Every structure is written in structure tokens, then in C-alpha cells.
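Engineer: My questions all concern the structure below.
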Protein chains: 2
Amino acid sequence: MEKIAEQETAPDQAPESNLGTRERVVRAASRLMQRQGYDGTGIKQISKEAGATLGSVYHFFPGGKQELAVAAIRHGEREFAEELAGNLRSEDDPAQAVLACTRRLAESLRASDWVDGCPVTSTALGTAGRLPDIQQAAAEAFAHWRHLVFEKLHQAGIAEPDAHELAHTVISTLEGAELAAQVSRDEQPLLTAGRHLARLIDLYRAPAPTA
Amino acid sequence: MEKIAEQETAPDQAPESNLGTRERVVRAASRLMQRQGYDGTGIKQISKEAGATLGSVYHFFPGGKQELAVAAIRHGEREFAEELAGNLRSEDDPAQAVLACTRRLAESLRASDWVDGCPVTSTALGTAGRLPDIQQAAAEAFAHWRHLVFEKLHQAGIAEPDAHELAHTVISTLEGAELAAQVSRDEQPLLTAGRHLARLIDLYRAPAPTA
């Protein structure tokens, strides 16, 4: 059994080698489920990938793979939230900021040879009817990402109800376009979605929206 | 071993009991993979659900689960294409037609207690890096659905390049909003996406688009 001290205090961005066991296990689970889904990923593979014994995996996650999947989704949620927040901050204009998000997503998807799509979606999909904890964690992830987009839009002067609705469509469209880009191994769905989302956002910034 | 005659000629919409074995196997695979994903679905479960022996499953699909998944994706592709084409025909106005699509998707997702999302996505996701045949079948499905949307938009007078790009975003957004609706067990992502897509489409129908 490995040492399991200090894992809770390891900073999220530390090099893998300095991470505590729990954090290494969560990261490995997140990465594997991102590529292979929940059912395609076994707890033995996670333990091997994390360099942790099966005993220590079950020490941290007595609920087994299901509990680990919830932790993996929360990890993926935080990772994407940081990326999203950074991209949204990269441009003052909210339409340009969302466009920047789609460009970065396209770049990193291509860099992964089209395998690293949304970590939350691939873990949650296929389990929706069976594993409510996983579905709930995914719903919270989507809600948090929407909130980040909402804040950006609202700060830019878009009325609160419009900003809420737009945030829904921005996150839905990013998700779907990432999926389409992944399946077709092509950046176009993301880049096109970015331009359309930018036009849509601009509509709601006009002095007198017609809706 | 069951009789395996006439399965190729069974009409796609015949009652389950009248279907040939191959068609029953494909339908069972499509339905199970829609809910459980590729890795969550075993060939034994498919054979049981289809009321077919394992021998007859392998008779029709010597390539096993991978070959069956490609057939399942093509089946799901045709099923959704029919639904999409019907919804697009239900309204002359292309923006209203897309709005109608989102309403029907929301209704049928709710009716399935939020488990029957996109059959192609849930089968393909998690296999993108490993199983290129499945990824390719999913890419073809997306392309066909985009073509149906493109035709509707182009027939309504939207210029060809704009209609192509809009079709990308319509399908991406439907996919992502369906996913978000499924995960949050709520119709809102789909209904909101429908209203936004309708506004976006209307922009391109304006006499002098500014893009």
C-alpha cells in the first residue's frame, strides 16, 4: 500500500509526480473516461494509469467506479471551467470572447488527434438512465459553465433573462460542435458555431433588440 | 438456429414481430447502445433483447459488436433523418421548422424519461480514438442530417454558403442541446436553442445580410 498522506493539499496544477495518490487517481479516471466513456474504463486500468494500487483506489473511493466517475466529472468540470474563464477573459467583447473559446477548443481537439472531447459528456453519456449521481454531477458541471458565460454576457450589458438564455445556447452549442468536430475530425463545426454564436450575442447587445 | 429468411426485405417500420432476425438485431443494438453506449452494451444482451441466438447474431455480423455498432448507427441515422425531415416539412418557414424540431426532440426526450438521446452520439462517443469505422459512420450520419437542414434553408432562399454553415450550427446545436436537456432532465436547453436558432436563421433571410 502506498503512502496516502497530503493528497488533499496537492495543488491542482502540480506536476503529476508531486501529486498525492487520490489526485492522481482522479486525474487518471477523468482522462480515461474522457476517451473511453464510463463503461469502457475499468478500475484496474485507472489504478495502473495512476500508478496506485487497487487497494488505495478503493481506500479513497469505497463506492468504486461510480464514486470515482463523479470525482472525475468534478475534476473535468473544474478543468474546463478554468479554460473557459480564461478564454472569456481574453477578449472584452463577449461575442469575440465566445469566438475565442471555439478557436481554442478546436486547437486543443486537433492537438489531441480528435480524441479529447468534453470529459463530462463522455463520462455521463450512456449512464443517464442508470446512475443518477453521475447524471447529477454532469448537470452541475453544465450549470457552472453556463454561469461563467452568463456573467460575461451580463457584465457586457446584456439583460439578465437574455444572458441566462444565451448562456444555455452557448454551452449547448459548444458541446454539440465539439462533438461534431470530434466525429468528423474537422475544426469546421466549432469555428462555424463560434461565428454564429458571436452574431447571436451581438443581436442582444443591439440598443433595441427586436425579440 | 432460427430461420433467417426474408430479413432483408422486411420494411423498416413493420411491427417488431414481423421483422426478420437481422433487422431485430440491428434495432436492439441501436436501442441498447443509445441508452448504454458501445462499451456498456454486450452482444449477449443484444441477442437476448432481439430474441435471436448468438449464432444468428454472428451469422449476420461476423465482425461482432463493432460491425453491429456500425449497423446500429446507420439505423439510428435513418430513424432520426426521417424524424428530422418530417419536422422540417411541418413548417414552410425554415426558422419555424427548426423550432418545431427542437420542440419534438424535447417532447420525445421527456417521454423516454430523459434516456433516449441521440443514438449516434452515445454509440460513437468514447470510441472515437479506437474504432474508426464507428467514428466514420457517425460522421456520415451528421453529414446526412446537415444536408437535410441545408436543403430546407437553401430552398427558403438562403444563399448556398450561408445555408451550409447554418446547417452545421443547427445540427451541432440540436446535438448539444439534446445532451444538455438529457443531463439536466429539463426541456429548457432544447426550447431555448430552438428560439435562438430561429433568430439566427431569420438573420440570413433578411434582404441584406450584414455578414
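In the C-alpha cells, each chain is lettered A, B, ... as it comes, each chain's residues begin at 1, and ligands are numbered from 1 in order of appearance.
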Excluding Glu140 in chain A and its own-chain neighbours fewer than 5 positions away, which residues fall within 9 Å of it when counting only C-alpha atoms? Please give them as a PyMOL selection string.
Structural biologist: (chain A and resi 74+77+135+145) or (chain B and resi 184)
Engineer: Just C-alpha atoms for this one: save the residues we selected as a PDB file, in the first residue's frame.
Structural biologist:
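The resulting file, part_11.pdb, is shown below:
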```pdb
ATOM      1  CA  ARG A  74     -15.970  17.253 -10.999  1.00  0.00           C
ATOM      2  CA  GLU A  77     -15.692  20.355 -14.718  1.00  0.00           C
ATOM      3  CA  GLN A 135     -26.010  12.452 -14.289  1.00  0.00           C
ATOM      4  CA  TRP A 145     -20.140  26.593 -17.191  1.00  0.00           C
TER       5      TRP A 145
ATOM      6  CA  SER B 184     -30.426  18.257 -16.637  1.00  0.00           C
TER       7      SER B 184
END
```
Engineer: Show which residues sit within 8 Å of range 96-102 of chain A, as a PyMOL selection string. Count only C-alpha atoms, and ignore same-chain residues fewer than 6 positions away.
Structural biologist: chain A and resi 84+87-90+170+174+190-191+193-195+197-198
Engineer: Here is a test: counting only C-alpha atoms, which residue of B:Gly55, B:Gly63, B:Gly117, B:Gly76 is nearest to Val26 in chain B?
Structural biologist: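 Among the listed residues, B:Gly76 lies closest to Val26 in chain B.
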Engineer: Could you make a table, as JSON lines, of the residues of chain B that have an atom within 8 Å of an atom of chain A, each with its nearest atom pair and distance in Å to one decimal, counting only C-alpha atoms, in chain and number order?
Structural biologist:
```
{"residue": "B:Met33", "atom": "CA", "partner": "A:Gly126", "partner_atom": "CA", "distance": 7.6}
{"residue": "B:Gln34", "atom": "CA", "partner": "A:Gly126", "partner_atom": "CA", "distance": 7.0}
{"residue": "B:Arg35", "atom": "CA", "partner": "A:Gly126", "partner_atom": "CA", "distance": 5.2}
{"residue": "B:Gln36", "atom": "CA", "partner": "A:Gly126", "partner_atom": "CA", "distance": 4.0}
{"residue": "B:Gly37", "atom": "CA", "partner": "A:Gly126", "partner_atom": "CA", "distance": 4.7}
{"residue": "B:Asp39", "atom": "CA", "partner": "A:Gly40", "partner_atom": "CA", "distance": 5.0}
{"residue": "B:Gly40", "atom": "CA", "partner": "A:Asp39", "partner_atom": "CA", "distance": 5.0}
{"residue": "B:Trp114", "atom": "CA", "partner": "A:Gly129", "partner_atom": "CA", "distance": 7.4}
{"residue": "B:Val115", "atom": "CA", "partner": "A:Gly129", "partner_atom": "CA", "distance": 5.3}
{"residue": "B:Thr121", "atom": "CA", "partner": "A:Leu179", "partner_atom": "CA", "distance": 8.0}
{"residue": "B:Ser122", "atom": "CA", "partner": "A:Gly126", "partner_atom": "CA", "distance": 6.0}
{"residue": "B:Ala124", "atom": "CA", "partner": "A:Val183", "partner_atom": "CA", "distance": 7.9}
{"residue": "B:Leu125", "atom": "CA", "partner": "A:Ser122", "partner_atom": "CA", "distance": 6.1}
{"residue": "B:Gly126", "atom": "CA", "partner": "A:Gln36", "partner_atom": "CA", "distance": 4.0}
{"residue": "B:Thr127", "atom": "CA", "partner": "A:Gln36", "partner_atom": "CA", "distance": 6.0}
{"residue": "B:Ala128", "atom": "CA", "partner": "A:Val115", "partner_atom": "CA", "distance": 6.0}
{"residue": "B:Gly129", "atom": "CA", "partner": "A:Val115", "partner_atom": "CA", "distance": 5.4}
{"residue": "B:Gln135", "atom": "CA", "partner": "A:Val183", "partner_atom": "CA", "distance": 5.6}
{"residue": "B:Gln136", "atom": "CA", "partner": "A:Val183", "partner_atom": "CA", "distance": 7.3}
{"residue": "B:Ala138", "atom": "CA", "partner": "A:Val183", "partner_atom": "CA", "distance": 6.4}
{"residue": "B:Ala139", "atom": "CA", "partner": "A:Ser184", "partner_atom": "CA", "distance": 5.0}
{"residue": "B:Phe142", "atom": "CA", "partner": "A:Ala180", "partner_atom": "CA", "distance": 7.3}
{"residue": "B:Glu165", "atom": "CA", "partner": "A:Thr192", "partner_atom": "CA", "distance": 6.4}
{"residue": "B:Leu166", "atom": "CA", "partner": "A:His196", "partner_atom": "CA", "distance": 7.9}
{"residue": "B:His168", "atom": "CA", "partner": "A:Pro189", "partner_atom": "CA", "distance": 6.0}
{"residue": "B:Thr169", "atom": "CA", "partner": "A:Ala193", "partner_atom": "CA", "distance": 5.3}
{"residue": "B:Ile171", "atom": "CA", "partner": "A:Gly176", "partner_atom": "CA", "distance": 7.8}
{"residue": "B:Ser172", "atom": "CA", "partner": "A:Gly176", "partner_atom": "CA", "distance": 4.4}
{"residue": "B:Thr173", "atom": "CA", "partner": "A:Thr173", "partner_atom": "CA", "distance": 4.4}
{"residue": "B:Leu174", "atom": "CA", "partner": "A:Gly176", "partner_atom": "CA", "distance": 7.2}
{"residue": "B:Glu175", "atom": "CA", "partner": "A:Gly176", "partner_atom": "CA", "distance": 5.0}
{"residue": "B:Gly176", "atom": "CA", "partner": "A:Gly176", "partner_atom": "CA", "distance": 3.7}
{"residue": "B:Ala177", "atom": "CA", "partner": "A:Ser172", "partner_atom": "CA", "distance": 4.7}
{"residue": "B:Leu179", "atom": "CA", "partner": "A:Ser172", "partner_atom": "CA", "distance": 7.6}
{"residue": "B:Ala180", "atom": "CA", "partner": "A:Ser172", "partner_atom": "CA", "distance": 6.3}
{"residue": "B:Gln182", "atom": "CA", "partner": "A:Ala128", "partner_atom": "CA", "distance": 7.5}
{"residue": "B:Val183", "atom": "CA", "partner": "A:Ala139", "partner_atom": "CA", "distance": 5.3}
{"residue": "B:Ser184", "atom": "CA", "partner": "A:Ala139", "partner_atom": "CA", "distance": 5.0}
{"residue": "B:Pro189", "atom": "CA", "partner": "A:His168", "partner_atom": "CA", "distance": 6.0}
{"residue": "B:Thr192", "atom": "CA", "partner": "A:Glu165", "partner_atom": "CA", "distance": 6.4}
{"residue": "B:Ala193", "atom": "CA", "partner": "A:Thr169", "partner_atom": "CA", "distance": 5.3}
{"residue": "B:His196", "atom": "CA", "partner": "A:Thr169", "partner_atom": "CA", "distance": 7.4}
{"residue": "B:Arg199", "atom": "CA", "partner": "A:Leu200", "partner_atom": "CA", "distance": 7.8}
{"residue": "B:Leu200", "atom": "CA", "partner": "A:Leu200", "partner_atom": "CA", "distance": 6.4}
```
Engineer: State, in Å with one decimal place, the distance from CA of Cys118 in chain A to CA of Cys118 in chain B.
Structural biologist: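 Computed distance, CA of Cys118 in chain A to CA of Cys118 in chain B, equals 16.2 Å.
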Engineer: Please give the complete set of residues from range 54-177 of chain A that DSSP, run on the backbone, assigns to alpha helix (DSSP H), formatted as a ChimeraX atom specification.
Structural biologist: /A:54-60,64-89,94-111,119-124,132-155,160-177
Engineer: How many Å lie between CA of Leu54 in chain A and CA of Val25 in chain A, rounded to one decimal?
Structural biologist: 10.2 Å
Engineer: Please provide the set of residues having any atom within 6 Å of range 159-163 of chain A, restricted to only C-alpha atoms, with same-chain residues fewer than 5 positions apart removed, written as a VMD selection string.
Structural biologist: chain A and resid 150 153 to 154
Engineer: Suppose we keep N, CA and C atoms; can you now write the selection as an mmCIF file, in the first residue's frame?
Structural biologist:
```cif
data_model
loop_
_atom_site.group_PDB
_atom_site.id
_atom_site.type_symbol
_atom_site.label_atom_id
_atom_site.label_comp_id
_atom_site.auth_asym_id
_atom_site.auth_seq_id
_atom_site.Cartn_x
_atom_site.Cartn_y
_atom_site.Cartn_z
ATOM 1 N N PHE A 150 -22.881 33.304 -18.541
ATOM 2 C CA PHE A 150 -23.880 34.294 -18.132
ATOM 3 C C PHE A 150 -23.211 35.550 -17.577
ATOM 4 N N LEU A 153 -21.698 37.721 -20.273
ATOM 5 C CA LEU A 153 -22.703 38.390 -21.100
ATOM 6 C C LEU A 153 -23.387 39.506 -20.318
ATOM 7 N N HIS A 154 -23.700 39.212 -19.075
ATOM 8 C CA HIS A 154 -24.419 40.191 -18.260
ATOM 9 C C HIS A 154 -23.529 41.395 -17.969
#
```
Engineer: Quick one, how far is CA of Ala29 in chain A from CA of Glu49 in chain A?
Structural biologist: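 According to the coordinates, CA of Ala29 in chain A and CA of Glu49 in chain A are separated by 8.5 Å.
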